Amino acid sequence: MTDPTPTSVRLADDIARQLSLLTQRLSQSPPREAAQILGKVLDYDEGILGRVTELVATGSRFAQDRSQRGILGPEVWLALGRAANELDSVGADLNEHTGTIKRLAKPSPATGSPAPKPVASAMVVRRRS
């Protein structure tokens with residue numbers, strides 16, 4: 001008997017499992033590898049976050065069409081649209097720092113002298129108005 005689950009649904013399940021595996025590996029990775037993983041995830045043009053944002057935006061357009069036809073309530077469309085906008089905003093904020101994370105993944109240049117010790121910075125808290 002064949003599996004009645006559409007290929008695209010199986011793909012979504014596979015991607016979810018892969019993301020869980022990646023999360024587990026990230027938590028156990030040494031710093032340089034963790035920075036490489038984060039750099040790939042957060043790269044807004046080529047990484048996972050940007051692709052997820054596109055996926056949610058596509059879902060929003062689907063929900064818009066179904067909402068306008070009376071098949072879905074408008075709150076579904078609005079929630080997906082809001083989620084896509086928030087992901088886009090977060091992605092843009094994180095994109096500013098992706099280069100810094102990617103630099104952590106690169107080996108330090110051999111200079112003969114020890115690398116300067118990192119200095120912790122104060123936490124910056126941003127509030128929404």
# chains A, B, ... in the order shown; residues from 1 in each chain; ligands from 1
call {"tool": "residues_around", "arguments": {"residues": "A:Asp88", "least_positions_apart": "5", "cutoff": "10 Å", "atoms": "only C-alpha atoms", "output": "ChimeraX atom specification"}}
result
/A:44,49-50,52-54,56-57,82-83,93-94
call {"tool": "residues_around", "arguments": {"residues": "A:Gln64", "least_positions_apart": "5", "cutoff": "12 Å", "atoms": "only C-alpha atoms", "output": "list in words"}}
result
Ala57, Thr58, Gly59, Arg69, Gly70, Ile71, Leu72, Gly73, Pro74, Glu75, Val76, Trp77, Leu78, Ala79, Leu80 and Gly81 of chain A
call {"tool": "closest_residue", "arguments": {"among": "A:Ala16, A:Ile101, A:Ala63, A:Ile48", "to": "A:Pro31", "atoms": "only C-alpha atoms"}}
result
A:Ile101
call {"tool": "atom_distance", "arguments": {"atom1": "atom CA of A:Glu86", "atom2": "atom CA of A:Ser8"}}
result
25.0 Å
call {"tool": "select_by_dssp", "arguments": {"residues": "chain A", "states": "alpha helix (DSSP H)", "output": "compact mmCIF listing (two decimals) with C-alpha atoms, in the first residue's frame"}}
result
# COMPACT_ATOMS: atom_id res chain seq x y z
CA THR A 7 5.29 14.54 -1.11
CA SER A 8 5.27 18.18 0.01
CA VAL A 9 3.84 17.23 3.41
CA ARG A 10 6.51 14.56 3.85
CA LEU A 11 9.08 17.18 2.87
CA ALA A 12 7.79 19.53 5.59
CA ASP A 13 8.04 16.68 8.13
CA ASP A 14 11.58 15.88 6.98
CA ILE A 15 12.65 19.52 7.24
CA ALA A 16 11.18 19.77 10.76
CA ARG A 17 13.15 16.66 11.80
CA GLN A 18 16.31 18.04 10.21
CA LEU A 19 15.87 21.33 12.07
CA SER A 20 15.52 19.42 15.35
CA LEU A 21 18.71 17.55 14.56
CA LEU A 22 20.48 20.80 13.69
CA THR A 23 19.32 22.36 16.97
CA GLN A 24 20.73 19.39 18.88
CA ARG A 25 24.03 19.58 17.01
CA LEU A 26 24.26 23.34 17.57
CA SER A 27 23.85 22.87 21.31
CA GLN A 28 26.70 20.34 21.35
CA PRO A 31 32.33 27.41 19.38
CA ARG A 32 33.78 27.64 15.87
CA GLU A 33 31.37 25.04 14.49
CA ALA A 34 28.44 26.64 16.33
CA ALA A 35 29.35 29.97 14.72
CA GLN A 36 29.44 28.28 11.30
CA ILE A 37 26.00 26.80 11.88
CA LEU A 38 24.55 30.10 13.08
CA GLY A 39 26.12 31.92 10.16
CA LYS A 40 24.37 29.56 7.75
CA VAL A 41 21.06 29.74 9.60
CA LEU A 42 20.98 33.53 9.93
CA ILE A 48 17.27 29.07 6.84
CA LEU A 49 15.72 32.15 8.43
CA GLY A 50 15.21 33.87 5.10
CA ARG A 51 13.75 30.74 3.54
CA VAL A 52 11.35 30.26 6.47
CA THR A 53 10.28 33.88 6.13
CA GLU A 54 9.55 33.31 2.43
CA LEU A 55 7.60 30.17 3.30
CA VAL A 56 5.42 31.99 5.85
CA ALA A 57 4.87 34.88 3.41
CA THR A 58 3.76 32.37 0.78
CA GLY A 59 1.41 30.84 3.36
CA SER A 60 0.03 34.31 4.02
CA ARG A 61 -0.75 34.78 0.33
CA PHE A 62 -2.48 31.38 0.32
CA ALA A 63 -4.52 32.39 3.38
CA GLN A 64 -5.34 35.76 1.79
CA ASP A 65 -6.80 34.06 -1.25
CA ARG A 66 -8.80 31.60 0.87
CA SER A 67 -9.94 34.37 3.19
CA GLN A 68 -11.19 36.47 0.31
CA PRO A 74 -9.51 36.82 7.95
CA GLU A 75 -7.76 36.36 11.29
CA VAL A 76 -5.80 33.44 9.80
CA TRP A 77 -4.59 35.60 6.94
CA LEU A 78 -3.76 38.48 9.29
CA ALA A 79 -1.87 36.20 11.69
CA LEU A 80 0.23 34.71 8.89
CA GLY A 81 0.89 38.15 7.41
CA ARG A 82 1.93 39.48 10.82
CA ALA A 83 4.19 36.46 11.34
CA ALA A 84 5.84 37.00 7.93
CA ASN A 85 6.38 40.69 8.69
CA GLU A 86 7.84 39.94 12.13
CA LEU A 87 10.16 37.28 10.74
CA ASP A 88 11.29 39.73 8.06
CA SER A 89 11.98 42.38 10.70
CA VAL A 90 13.86 39.96 12.94
CA GLY A 91 15.81 38.68 9.94
CA ALA A 92 16.82 42.22 8.99
CA ASP A 93 17.94 42.93 12.57
CA LEU A 94 19.95 39.71 12.75
CA ASN A 95 21.42 40.21 9.28
CA GLU A 96 23.38 43.16 10.67
CA HIS A 97 25.22 40.73 12.96
CA THR A 98 25.60 37.69 10.72
CA GLY A 99 29.00 38.85 9.49
CA THR A 100 30.28 39.07 13.06
CA ILE A 101 29.07 35.54 13.77
CA LYS A 102 30.62 34.25 10.56
CA ARG A 103 33.96 35.82 11.52
CA LEU A 104 33.93 33.76 14.72
